[in-house]
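Chemist: So here's structure.json (JSON, C-alpha atoms).
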[["chain", "number", "residue", "atom", "x", "y", "z"],
["A", 939, "MET", "CA", 13.00, 103.02, 220.12],
["A", 940, "ILE", "CA", 16.74, 102.49, 219.80],
["A", 941, "ALA", "CA", 19.68, 104.33, 218.24],
["A", 942, "PRO", "CA", 22.14, 101.68, 216.99],
["A", 943, "ALA", "CA", 23.99, 103.91, 214.52],
["A", 944, "SER", "CA", 24.40, 107.71, 214.20],
["A", 945, "GLY", "CA", 23.16, 110.44, 216.47],
["A", 946, "PHE", "CA", 20.06, 112.30, 215.35],
["A", 947, "ASP", "CA", 18.05, 115.50, 215.51],
["A", 948, "ARG", "CA", 15.96, 115.38, 218.66],
["A", 949, "ALA", "CA", 13.03, 117.35, 217.24],
["A", 950, "ALA", "CA", 12.72, 114.89, 214.32],
["A", 951, "PHE", "CA", 12.96, 111.98, 216.78],
["A", 952, "GLU", "CA", 10.16, 113.40, 218.93],
["A", 953, "ALA", "CA", 7.96, 114.02, 215.88],
["A", 954, "GLY", "CA", 8.41, 110.40, 214.79],
["A", 955, "LEU", "CA", 7.89, 109.20, 218.34],
["A", 956, "ALA", "CA", 4.55, 111.02, 218.48],
["A", 957, "LEU", "CA", 3.33, 109.14, 215.41],
["A", 958, "ILE", "CA", 4.29, 105.79, 216.91],
["A", 959, "ALA", "CA", 3.01, 106.65, 220.39],
["A", 960, "ALA", "CA", -0.41, 107.56, 218.98],
["A", 961, "ARG", "CA", -0.83, 103.88, 218.12],
["A", 962, "TYR", "CA", 1.51, 101.91, 220.40],
["A", 963, "ARG", "CA", 3.07, 102.14, 223.84],
["A", 964, "ALA", "CA", 6.43, 103.63, 222.97],
["A", 965, "GLU", "CA", 9.53, 103.24, 225.13],
["A", 966, "TYR", "CA", 13.14, 104.37, 224.95],
["A", 967, "GLY", "CA", 16.04, 104.62, 227.35],
["A", 968, "SER", "CA", 17.75, 107.84, 228.33],
["A", 969, "GLY", "CA", 20.94, 106.64, 226.63],
["A", 970, "VAL", "CA", 19.33, 106.97, 223.21],
["A", 971, "PHE", "CA", 20.33, 110.66, 223.18],
["A", 972, "GLU", "CA", 24.00, 110.08, 223.94],
["A", 973, "ARG", "CA", 26.62, 111.16, 221.42],
["A", 974, "HIS", "CA", 30.15, 109.95, 220.78],
["A", 975, "ARG", "CA", 31.57, 111.80, 217.79],
["A", 976, "TYR", "CA", 29.35, 110.74, 214.87],
["A", 977, "LEU", "CA", 27.72, 107.88, 216.77],
["A", 978, "ALA", "CA", 24.75, 107.64, 219.13],
["A", 979, "GLY", "CA", 27.01, 106.83, 222.05],
["A", 980, "SER", "CA", 29.65, 104.15, 222.44],
["A", 981, "ASP", "CA", 29.54, 100.76, 220.74],
["A", 982, "ALA", "CA", 28.91, 99.16, 224.13],
["A", 983, "ARG", "CA", 25.90, 101.41, 224.80],
["A", 984, "ARG", "CA", 24.35, 100.86, 221.39],
["A", 985, "LEU", "CA", 24.97, 97.10, 221.50],
["A", 986, "ALA", "CA", 23.44, 96.72, 224.97],
["A", 987, "GLU", "CA", 20.39, 98.76, 223.94],
["A", 988, "LEU", "CA", 19.80, 96.66, 220.82],
["A", 989, "GLU", "CA", 20.26, 93.33, 222.59],
["A", 990, "ALA", "CA", 17.97, 94.35, 225.47],
["A", 991, "ALA", "CA", 15.22, 95.44, 223.08],
["A", 992, "LEU", "CA", 15.38, 92.18, 221.14],
["A", 993, "ALA", "CA", 15.45, 90.01, 224.27],
["A", 994, "ASP", "CA", 12.66, 91.77, 226.22],
["A", 995, "PRO", "CA", 9.44, 89.69, 225.87],
["A", 996, "GLY", "CA", 7.35, 92.80, 226.56],
["A", 997, "ILE", "CA", 8.62, 94.58, 223.45],
["A", 998, "ARG", "CA", 6.77, 93.68, 220.26],
["A", 999, "ALA", "CA", 8.76, 95.71, 217.69],
["A", 1000, "VAL", "CA", 11.97, 97.72, 217.58],
["A", 1001, "PHE", "CA", 12.18, 101.03, 215.71],
["A", 1002, "CYS", "CA", 15.54, 102.57, 214.84],
["A", 1003, "ALA", "CA", 15.95, 106.30, 215.32],
["A", 1004, "ARG", "CA", 18.32, 106.86, 212.42],
["A", 1005, "GLY", "CA", 20.73, 105.14, 210.05],
["A", 1006, "GLY", "CA", 23.85, 107.10, 209.19],
["A", 1007, "TYR", "CA", 26.75, 104.94, 210.34],
["A", 1008, "GLY", "CA", 27.62, 102.63, 213.20],
["A", 1009, "ALA", "CA", 25.56, 99.44, 212.94],
["A", 1010, "THR", "CA", 28.37, 97.56, 211.19],
["A", 1011, "ARG", "CA", 30.61, 98.18, 214.21],
["A", 1012, "LEU", "CA", 28.27, 95.97, 216.28],
["A", 1013, "LEU", "CA", 28.43, 92.92, 214.01],
["A", 1014, "PRO", "CA", 31.47, 91.19, 215.57],
["A", 1015, "GLN", "CA", 29.61, 90.99, 218.89],
["A", 1016, "LEU", "CA", 26.23, 90.14, 217.34],
["A", 1017, "ALA", "CA", 27.02, 87.74, 214.53],
["A", 1018, "PRO", "CA", 28.26, 84.63, 216.38],
["A", 1019, "ARG", "CA", 24.92, 84.00, 218.05],
["A", 1020, "ALA", "CA", 21.26, 84.10, 217.12],
["A", 1021, "PRO", "CA", 19.17, 87.04, 218.26],
["A", 1022, "ALA", "CA", 17.89, 86.60, 221.80],
["A", 1023, "GLY", "CA", 14.18, 86.27, 222.45],
["A", 1024, "ALA", "CA", 11.25, 85.50, 220.21],
["A", 1025, "PRO", "CA", 11.26, 86.94, 216.69],
["A", 1026, "LYS", "CA", 10.05, 90.54, 216.45],
["A", 1027, "PRO", "CA", 10.22, 93.16, 213.70],
["A", 1028, "LEU", "CA", 13.22, 95.47, 213.57],
["A", 1029, "VAL", "CA", 12.33, 98.55, 211.51],
["A", 1030, "GLY", "CA", 14.85, 100.74, 209.73],
["A", 1031, "PHE", "CA", 16.90, 101.22, 206.57],
["A", 1032, "SER", "CA", 20.14, 102.71, 205.24],
["A", 1033, "ASP", "CA", 22.91, 101.80, 207.73],
["A", 1034, "ILE", "CA", 20.41, 99.51, 209.50],
["A", 1035, "THR", "CA", 20.94, 97.21, 206.48],
["A", 1036, "ALA", "CA", 23.81, 95.69, 208.48],
["A", 1037, "LEU", "CA", 21.39, 94.58, 211.20],
["A", 1038, "HIS", "CA", 18.89, 93.31, 208.65],
["A", 1039, "LEU", "CA", 21.57, 91.13, 207.08],
["A", 1040, "TRP", "CA", 22.54, 89.79, 210.51],
["A", 1041, "LEU", "CA", 18.93, 88.88, 211.22],
["A", 1042, "GLN", "CA", 18.48, 87.23, 207.83],
["A", 1043, "ALA", "CA", 21.66, 85.22, 208.40],
["A", 1044, "HIS", "CA", 19.84, 83.70, 211.38],
["A", 1045, "GLY", "CA", 16.60, 83.07, 209.50],
["A", 1046, "ARG", "CA", 14.72, 86.07, 210.90],
["A", 1047, "MET", "CA", 12.54, 88.54, 209.03],
["A", 1048, "SER", "CA", 12.80, 92.28, 209.50],
["A", 1049, "VAL", "CA", 11.30, 95.43, 208.02],
["A", 1050, "HIS", "CA", 13.15, 97.65, 205.58],
["A", 1051, "GLY", "CA", 11.24, 100.81, 206.34],
["A", 1052, "PRO", "CA", 11.38, 104.36, 207.66],
["A", 1053, "VAL", "CA", 13.57, 105.24, 210.61],
["A", 1054, "LEU", "CA", 11.91, 107.29, 213.31],
["A", 1055, "THR", "CA", 13.41, 110.62, 212.22],
["A", 1056, "GLN", "CA", 12.27, 110.09, 208.61],
["A", 1057, "LEU", "CA", 8.73, 109.03, 209.45],
["A", 1058, "PRO", "CA", 7.26, 112.55, 209.94],
["A", 1059, "ARG", "CA", 8.35, 113.55, 206.42],
["A", 1060, "LEU", "CA", 6.44, 110.70, 204.82],
["A", 1061, "ALA", "CA", 2.81, 110.58, 203.74],
["A", 1062, "PRO", "CA", 0.07, 109.10, 205.94],
["A", 1063, "ALA", "CA", -0.35, 106.31, 203.37],
["A", 1064, "THR", "CA", 3.19, 105.13, 204.14],
["A", 1065, "HIS", "CA", 2.45, 105.25, 207.89],
["A", 1066, "ALA", "CA", -0.65, 103.12, 207.25],
["A", 1067, "ARG", "CA", 1.33, 100.60, 205.20],
["A", 1068, "LEU", "CA", 3.89, 100.30, 208.00],
["A", 1069, "PHE", "CA", 1.24, 99.73, 210.66],
["A", 1070, "THR", "CA", -0.59, 97.18, 208.50],
["A", 1071, "LEU", "CA", 2.66, 95.32, 207.80],
["A", 1072, "LEU", "CA", 3.41, 95.15, 211.53],
["A", 1073, "GLU", "CA", -0.09, 94.08, 212.57],
["A", 1074, "SER", "CA", -1.38, 91.81, 209.80],
["A", 1075, "ALA", "CA", -0.64, 88.14, 209.26],
["A", 1076, "GLN", "CA", -1.39, 88.70, 205.57],
["A", 1077, "PRO", "CA", 1.35, 89.54, 203.04],
["A", 1078, "ALA", "CA", 2.01, 93.21, 202.39],
["A", 1079, "ALA", "CA", 0.34, 94.86, 199.42],
["A", 1080, "PRO", "CA", 2.36, 94.65, 196.18],
["A", 1081, "LEU", "CA", 4.59, 97.52, 195.09],
["A", 1082, "ARG", "CA", 5.02, 98.87, 191.60],
["A", 1083, "GLY", "CA", 8.23, 100.22, 190.14],
["A", 1084, "SER", "CA", 8.62, 102.64, 187.25],
["A", 1085, "ALA", "CA", 10.91, 100.86, 184.77],
["A", 1086, "THR", "CA", 11.85, 97.45, 183.42],
["A", 1087, "TYR", "CA", 15.58, 96.96, 182.92],
["A", 1088, "VAL", "CA", 15.50, 93.23, 182.16],
["A", 1089, "ALA", "CA", 12.15, 91.46, 181.68],
["A", 1090, "GLY", "CA", 11.45, 88.18, 183.44],
["A", 1091, "THR", "CA", 10.14, 86.80, 186.71],
["A", 1092, "ALA", "CA", 11.79, 85.49, 189.84],
["A", 1093, "GLU", "CA", 10.74, 84.23, 193.26],
["A", 1094, "GLY", "CA", 12.75, 84.04, 196.45],
["A", 1095, "PRO", "CA", 13.34, 85.74, 199.79],
["A", 1096, "LEU", "CA", 13.80, 89.49, 199.51],
["A", 1097, "LEU", "CA", 17.26, 90.38, 200.86],
["A", 1098, "GLY", "CA", 19.50, 93.42, 200.76],
["A", 1099, "GLY", "CA", 18.89, 97.11, 201.33],
["A", 1100, "ASN", "CA", 21.48, 99.86, 201.07],
["A", 1101, "LEU", "CA", 24.01, 99.14, 198.32],
["A", 1102, "SER", "CA", 26.93, 100.83, 200.11],
["A", 1103, "VAL", "CA", 26.41, 98.88, 203.33],
["A", 1104, "LEU", "CA", 25.78, 95.60, 201.51],
["A", 1105, "THR", "CA", 29.06, 95.80, 199.62],
["A", 1106, "ARG", "CA", 30.96, 96.50, 202.85],
["A", 1107, "LEU", "CA", 29.91, 93.07, 204.13],
["A", 1108, "LEU", "CA", 31.08, 91.12, 201.08],
["A", 1109, "GLY", "CA", 33.90, 88.77, 202.03],
["A", 1110, "THR", "CA", 33.05, 88.97, 205.73],
["A", 1111, "PRO", "CA", 31.40, 86.22, 207.83],
["A", 1112, "TYR", "CA", 28.44, 88.53, 208.44],
["A", 1113, "MET", "CA", 26.81, 88.25, 205.00],
["A", 1114, "PRO", "CA", 23.84, 85.85, 204.81],
["A", 1115, "ALA", "CA", 23.60, 83.36, 201.98],
["A", 1116, "LEU", "CA", 22.12, 85.20, 198.99],
["A", 1117, "ASP", "CA", 21.44, 82.06, 196.96],
["A", 1118, "GLY", "CA", 18.01, 82.07, 195.36],
["A", 1119, "SER", "CA", 17.07, 85.52, 196.66],
["A", 1120, "ILE", "CA", 15.67, 88.68, 195.11],
["A", 1121, "LEU", "CA", 18.23, 91.39, 195.77],
["A", 1122, "LEU", "CA", 16.88, 94.78, 196.88],
["A", 1123, "LEU", "CA", 19.23, 97.74, 196.38],
["A", 1124, "GLU", "CA", 18.90, 101.47, 197.07],
["A", 1125, "ASP", "CA", 21.26, 104.33, 197.91],
["A", 1126, "GLN", "CA", 21.75, 108.07, 198.08],
["A", 1127, "GLY", "CA", 24.53, 110.53, 197.34],
["A", 1128, "GLU", "CA", 26.66, 108.07, 195.36],
["A", 1129, "ARG", "CA", 27.85, 109.44, 192.01],
["A", 1130, "PRO", "CA", 27.44, 107.14, 188.99],
["A", 1131, "TYR", "CA", 31.05, 105.92, 188.96],
["A", 1132, "ARG", "CA", 30.70, 104.92, 192.60],
["A", 1133, "LEU", "CA", 27.50, 103.01, 191.83],
["A", 1134, "ASP", "CA", 29.39, 101.29, 189.01],
["A", 1135, "ARG", "CA", 32.28, 100.45, 191.36],
["A", 1136, "MET", "CA", 30.01, 98.95, 194.03],
["A", 1137, "TRP", "CA", 27.95, 97.04, 191.45],
["A", 1138, "THR", "CA", 31.15, 95.69, 189.92],
["A", 1139, "HIS", "CA", 32.23, 94.58, 193.41],
["A", 1140, "LEU", "CA", 29.01, 92.56, 193.64],
["A", 1141, "ARG", "CA", 29.69, 91.05, 190.21],
["A", 1142, "LEU", "CA", 33.29, 90.15, 191.01],
["A", 1143, "ALA", "CA", 32.18, 88.56, 194.28],
["A", 1144, "GLY", "CA", 29.79, 86.29, 192.36],
["A", 1145, "VAL", "CA", 26.58, 87.79, 193.78],
["A", 1146, "PHE", "CA", 24.76, 87.92, 190.44],
["A", 1147, "GLY", "CA", 25.46, 84.24, 189.92],
["A", 1148, "ARG", "CA", 23.56, 83.43, 193.11],
["A", 1149, "VAL", "CA", 20.53, 85.73, 193.18],
["A", 1150, "ARG", "CA", 17.45, 85.25, 190.98],
["A", 1151, "GLY", "CA", 16.37, 88.83, 190.41],
["A", 1152, "ILE", "CA", 17.07, 92.47, 191.27],
["A", 1153, "ALA", "CA", 14.64, 95.10, 192.59],
["A", 1154, "LEU", "CA", 16.02, 98.64, 192.55],
["A", 1155, "GLY", "CA", 14.61, 101.28, 194.87],
["A", 1156, "ASP", "CA", 15.42, 104.98, 194.88],
["A", 1157, "PHE", "CA", 18.90, 106.24, 194.05],
["A", 1158, "THR", "CA", 18.54, 109.83, 195.20],
["A", 1159, "THR", "CA", 21.05, 112.65, 194.62],
["A", 1160, "CYS", "CA", 23.26, 110.28, 192.64],
["A", 1161, "GLU", "CA", 23.81, 112.47, 189.59],
["A", 1162, "GLU", "CA", 27.11, 113.84, 188.31],
["A", 1163, "THR", "CA", 26.85, 117.60, 187.78],
["A", 1164, "GLY", "CA", 27.21, 118.50, 184.12],
["A", 1165, "ALA", "CA", 27.44, 114.88, 182.95],
["A", 1166, "GLY", "CA", 25.82, 113.74, 179.74],
["A", 1167, "TYR", "CA", 24.48, 110.60, 181.40],
["A", 1168, "THR", "CA", 22.34, 109.72, 184.42],
["A", 1169, "SER", "CA", 22.70, 107.26, 187.25],
["A", 1170, "ALA", "CA", 19.63, 105.44, 185.91],
["A", 1171, "GLU", "CA", 21.39, 104.89, 182.57],
["A", 1172, "ILE", "CA", 24.41, 103.44, 184.35],
["A", 1173, "LEU", "CA", 22.29, 101.15, 186.51],
["A", 1174, "ARG", "CA", 20.28, 99.97, 183.52],
["A", 1175, "GLU", "CA", 23.45, 99.09, 181.61],
["A", 1176, "LEU", "CA", 24.88, 97.24, 184.61],
["A", 1177, "ALA", "CA", 21.62, 95.37, 185.20],
["A", 1178, "GLU", "CA", 21.33, 94.34, 181.56],
["A", 1179, "ALA", "CA", 24.80, 92.79, 181.75],
["A", 1180, "THR", "CA", 23.65, 90.43, 184.53],
["A", 1181, "GLY", "CA", 20.79, 89.01, 182.45],
["A", 1182, "LEU", "CA", 18.71, 88.75, 185.61],
["A", 1183, "PRO", "CA", 15.12, 89.99, 185.84],
["A", 1184, "CYS", "CA", 15.43, 93.56, 187.05],
["A", 1185, "ALA", "CA", 12.92, 96.34, 187.63],
["A", 1186, "ALA", "CA", 13.71, 99.81, 188.95],
["A", 1187, "GLY", "CA", 11.97, 102.76, 190.53],
["A", 1188, "PHE", "CA", 10.38, 100.99, 193.47],
["A", 1189, "PRO", "CA", 9.41, 103.60, 196.11],
["A", 1190, "ILE", "CA", 11.92, 102.33, 198.65],
["A", 1191, "GLY", "CA", 14.81, 104.23, 200.20],
["A", 1192, "HIS", "CA", 15.92, 107.81, 200.75],
["A", 1193, "GLY", "CA", 13.39, 109.51, 198.49],
["A", 1194, "GLU", "CA", 10.15, 111.29, 199.29],
["A", 1195, "VAL", "CA", 8.45, 107.89, 199.65],
["A", 1196, "ASN", "CA", 9.94, 104.97, 201.57],
["A", 1197, "GLU", "CA", 7.46, 102.15, 201.56],
["A", 1198, "PRO", "CA", 8.18, 99.44, 204.16],
["A", 1199, "VAL", "CA", 8.83, 95.91, 202.89],
["A", 1200, "PRO", "CA", 9.52, 92.63, 204.73],
["A", 1201, "LEU", "CA", 13.09, 91.42, 204.33],
["A", 1202, "GLY", "CA", 13.57, 87.66, 204.53],
["A", 1203, "ALA", "CA", 10.01, 87.10, 203.29],
["A", 1204, "ARG", "CA", 9.42, 85.34, 199.99],
["A", 1205, "ALA", "CA", 8.48, 87.66, 197.16],
["A", 1206, "ARG", "CA", 7.78, 87.47, 193.45],
["A", 1207, "LEU", "CA", 9.40, 89.96, 191.08],
["A", 1208, "ASP", "CA", 7.70, 90.45, 187.72],
["A", 1209, "ALA", "CA", 10.26, 92.72, 186.12],
["A", 1210, "GLY", "CA", 8.30, 93.06, 182.89],
["A", 1211, "ALA", "CA", 5.36, 94.51, 184.79],
["A", 1212, "ALA", "CA", 7.70, 96.20, 187.31],
["A", 1213, "THR", "CA", 5.84, 94.68, 190.26],
["A", 1214, "LEU", "CA", 7.01, 93.17, 193.53],
["A", 1215, "THR", "CA", 4.46, 90.85, 195.15],
["A", 1216, "PHE", "CA", 4.95, 89.56, 198.67],
["A", 1217, "LEU", "CA", 4.13, 85.92, 199.35],
["A", 1218, "GLU", "CA", 4.72, 85.89, 203.13],
["A", 1219, "ALA", "CA", 3.71, 88.20, 205.95],
["A", 1220, "ALA", "CA", 6.28, 90.01, 208.09],
["A", 1221, "VAL", "CA", 4.60, 88.80, 211.29],
["A", 1222, "SER", "CA", 2.76, 85.66, 212.34],
["A", 1223, "ALA", "CA", -0.86, 85.34, 213.38],
["A", 1224, "ALA", "CA", 0.32, 84.78, 216.96]]
Would you encode the structure as structure tokens?

Modeler:
Amino acid sequence: MIAPASGFDRAAFEAGLALIAARYRAEYGSGVFERHRYLAGSDARRLAELEAALADPGIRAVFCARGGYGATRLLPQLAPRAPAGAPKPLVGFSDITALHLWLQAHGRMSVHGPVLTQLPRLAPATHARLFTLLESAQPAAPLRGSATYVAGTAEGPLLGGNLSVLTRLLGTPYMPALDGSILLLEDQGERPYRLDRMWTHLRLAGVFGRVRGIALGDFTTCEETGAGYTSAEILRELAEATGLPCAAGFPIGHGEVNEPVPLGARARLDAGAATLTFLEAAVSAA
């Protein structure tokens, strides 16, 4: 258990820890509870904790306590070299998107899934999906979205995560190659014009000329009070302009359901049926 980004509520951390510890041998260092302003301790502390967890051969998976903010601050020290140690799942979402992108830039898979402090608020079925994804050498069960924005199919590695964090890495050396991928996007608390601005940033940077399809997760609390339009209407219009297969409403992100999915694994998006089928497992048989 590591805290590479923001500080967190200790009671929520301990509740999530109990769920993990009921199945696995859970470990964390005393530094995980440190605070430095809005961060879980200094950059040096968080970097050392992350690198030690990835390098330790006795650790089989790494769970992040919370997203928030701070993971991007570690990229200059992380990005020049491949992750130490054998591949292992890193589990988290939101600000942890920065670490997922770093891992995918080095050919590693990771798990876009609940952080420790979110886990207790999620249903047992989501816990079971997470454990199965971590333990099975078979691909994860397919997910179904709720809407088709642009019909069509696409196959490629699933990359992305939080829209806000993803756009912050555009134009930096820390963004993995997105060519041929299915782009996963989700966010919370971003009003429609901000979603439009970030999406337009992706378009101007040429992202939609490189990816093969778009899978949209939850965009929670993204509405403009009193507006005569919704964030979903804005996203649909923006997606239609790309011409890429796009389905929305996948239960991924900051909503009441946050189903874990393997990033870096090949997937098939059938936007017409609003399904996302995984073609590779997150872990190997070994």

Chemist: Compile a residue-level contact table for range 1013-1084 of chain A against range 1153-1161 of chain A at a cut-off of 12 Å, reporting for every qualifying residue the shortest atom pair and its distance in Å to one decimal, with only C-alpha atoms counted, rows ordered by chain and ascending number, as a tab-separated table.

Modeler:
residue	atom	partner	partner_atom	distance
A:Phe1031	CA	A:Gly1155	CA	11.9
A:Ser1032	CA	A:Asp1156	CA	11.6
A:His1050	CA	A:Gly1155	CA	11.4
A:Gly1051	CA	A:Gly1155	CA	12.0
A:Leu1081	CA	A:Ala1153	CA	10.6
A:Arg1082	CA	A:Ala1153	CA	10.4
A:Gly1083	CA	A:Gly1155	CA	8.0
A:Ser1084	CA	A:Gly1155	CA	9.8

Chemist: Find the residues around Asp1134 in chain A up to 10 Å (all atoms listed in the file counted), leave out those fewer than 4 positions away in its own chain, and share them as a ChimeraX atom specification.

Modeler: /A:1128-1130,1138-1140,1169,1172-1173,1175-1176

Chemist: Within 12 Å of (10.7, 104.7, 208.1) (coordinates as in the file), grab all the protein and nucleic acid residues, counting all atoms listed in the file, and write them out as a VMD selection string.

Modeler: chain A and resid 951 954 to 955 957 to 958 1000 to 1005 1028 to 1032 1034 1049 to 1062 1064 to 1069 1190 to 1199

Chemist: Find the residues around range 1092-1100 of chain A up to 9 Å (only C-alpha atoms counted), leave out those fewer than 4 positions away in its own chain, and share them as an mmCIF file with C-alpha atoms, keeping the file's coordinate frame.

Modeler:
data_model
loop_
_atom_site.group_PDB
_atom_site.id
_atom_site.type_symbol
_atom_site.label_atom_id
_atom_site.label_comp_id
_atom_site.auth_asym_id
_atom_site.auth_seq_id
_atom_site.Cartn_x
_atom_site.Cartn_y
_atom_site.Cartn_z
ATOM 1 C CA PHE A 1031 16.900 101.220 206.570
ATOM 2 C CA SER A 1032 20.140 102.710 205.240
ATOM 3 C CA ASP A 1033 22.910 101.800 207.730
ATOM 4 C CA ILE A 1034 20.410 99.510 209.500
ATOM 5 C CA THR A 1035 20.940 97.210 206.480
ATOM 6 C CA ALA A 1036 23.810 95.690 208.480
ATOM 7 C CA HIS A 1038 18.890 93.310 208.650
ATOM 8 C CA LEU A 1039 21.570 91.130 207.080
ATOM 9 C CA GLN A 1042 18.480 87.230 207.830
ATOM 10 C CA HIS A 1050 13.150 97.650 205.580
ATOM 11 C CA LEU A 1104 25.780 95.600 201.510
ATOM 12 C CA THR A 1105 29.060 95.800 199.620
ATOM 13 C CA PRO A 1114 23.840 85.850 204.810
ATOM 14 C CA LEU A 1116 22.120 85.200 198.990
ATOM 15 C CA ASP A 1117 21.440 82.060 196.960
ATOM 16 C CA GLY A 1118 18.010 82.070 195.360
ATOM 17 C CA SER A 1119 17.070 85.520 196.660
ATOM 18 C CA ILE A 1120 15.670 88.680 195.110
ATOM 19 C CA LEU A 1121 18.230 91.390 195.770
ATOM 20 C CA LEU A 1122 16.880 94.780 196.880
ATOM 21 C CA LEU A 1123 19.230 97.740 196.380
ATOM 22 C CA GLU A 1124 18.900 101.470 197.070
ATOM 23 C CA ASP A 1125 21.260 104.330 197.910
ATOM 24 C CA GLN A 1126 21.750 108.070 198.080
ATOM 25 C CA VAL A 1149 20.530 85.730 193.180
ATOM 26 C CA ARG A 1150 17.450 85.250 190.980
ATOM 27 C CA GLY A 1151 16.370 88.830 190.410
ATOM 28 C CA ILE A 1152 17.070 92.470 191.270
ATOM 29 C CA ALA A 1153 14.640 95.100 192.590
ATOM 30 C CA GLY A 1155 14.610 101.280 194.870
ATOM 31 C CA LEU A 1182 18.710 88.750 185.610
ATOM 32 C CA PRO A 1183 15.120 89.990 185.840
ATOM 33 C CA GLY A 1191 14.810 104.230 200.200
ATOM 34 C CA VAL A 1199 8.830 95.910 202.890
ATOM 35 C CA PRO A 1200 9.520 92.630 204.730
ATOM 36 C CA LEU A 1201 13.090 91.420 204.330
ATOM 37 C CA GLY A 1202 13.570 87.660 204.530
ATOM 38 C CA ALA A 1203 10.010 87.100 203.290
ATOM 39 C CA ARG A 1204 9.420 85.340 199.990
ATOM 40 C CA ALA A 1205 8.480 87.660 197.160
ATOM 41 C CA ARG A 1206 7.780 87.470 193.450
ATOM 42 C CA LEU A 1207 9.400 89.960 191.080
ATOM 43 C CA ASP A 1208 7.700 90.450 187.720
ATOM 44 C CA ALA A 1209 10.260 92.720 186.120
ATOM 45 C CA PHE A 1216 4.950 89.560 198.670
#

Chemist: What's the separation between CA of Pro942 in chain A and CA of Val1221 in chain A, in Å to one decimal place?

Modeler: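 For CA of Pro942 in chain A relative to CA of Val1221 in chain A, the distance reads 22.5 Å.
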
Chemist: To one decimal in Å, tell me the separation between CA of Val970 in chain A and CA of Leu1012 in chain A.

Modeler: 15.8 Å

Chemist: Choose the residue, out of A:Gly1045, A:Gly1164, A:Ala1009, A:Gly979, that has the smallest atom-to-atom separation from Arg1106 in chain A; count only C-alpha atoms.

Modeler: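 Selected residue with least distance to Arg1106 in chain A: A:Ala1009.
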
Chemist: Please report the interatomic distance between CA of Glu1218 in chain A and CA of Gln1076 in chain A in Å with one decimal.

Modeler: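 Between these atoms lies a distance of 7.2 Å.
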
Chemist: From the list A:Tyr962, A:Phe1188, A:Tyr1131, A:Tyr1087, which residue is nearest Ala1165 in chain A when using all atoms listed in the file?

Modeler: A:Tyr1131

Chemist: From the options A:Leu992, A:Leu1217, A:Ala1143, A:Leu1013, which residue's atoms come nearest to Pro1077 in chain A, counting only C-alpha atoms?

Modeler: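 Of A:Leu992, A:Leu1217, A:Ala1143, A:Leu1013, the one nearest Pro1077 in chain A, counting only C-alpha atoms, is A:Leu1217.
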
Chemist: Using only C-alpha atoms, which residues sit within 7 Å of Met1113 in chain A once same-chain residues fewer than 3 positions away are excluded, as a PyMOL selection string?

Modeler: chain A and resi 1039+1043+1107-1108+1110

Chemist: Nearest residue to Ala1177 in chain A out of A:Phe1146, A:Trp1040, A:Tyr966, A:Tyr1112, using only C-alpha atoms?

Modeler: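 Residue with the minimum atom-to-atom distance to Ala1177 in chain A: A:Phe1146.
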
Chemist: If you count only C-alpha atoms, which residues fall within 8 Å of Gly945 in chain A, apart from same-chain ones fewer than 5 positions away, as a PDB file with C-alpha atoms, in the frame of the given file?

Modeler:
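This went into part-v2.pdb:
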ATOM      1  CA  PHE A 971      20.330 110.660 223.180  1.00  0.00           C
ATOM      2  CA  GLU A 972      24.000 110.080 223.940  1.00  0.00           C
ATOM      3  CA  ARG A 973      26.620 111.160 221.420  1.00  0.00           C
ATOM      4  CA  TYR A 976      29.350 110.740 214.870  1.00  0.00           C
ATOM      5  CA  LEU A 977      27.720 107.880 216.770  1.00  0.00           C
ATOM      6  CA  ALA A 978      24.750 107.640 219.130  1.00  0.00           C
ATOM      7  CA  GLY A 979      27.010 106.830 222.050  1.00  0.00           C
ATOM      8  CA  ARG A1004      18.320 106.860 212.420  1.00  0.00           C
TER       9      ARG A1004
END

Chemist: Ranking A:Ala949, A:Ala1089, A:Thr1010, A:Ala1220 by minimum distance to Arg1046 in chain A and counting all atoms listed in the file, which one comes first?

Modeler: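 Looking only at the distances to Arg1046 in chain A, the closest residue turns out to be A:Ala1220.
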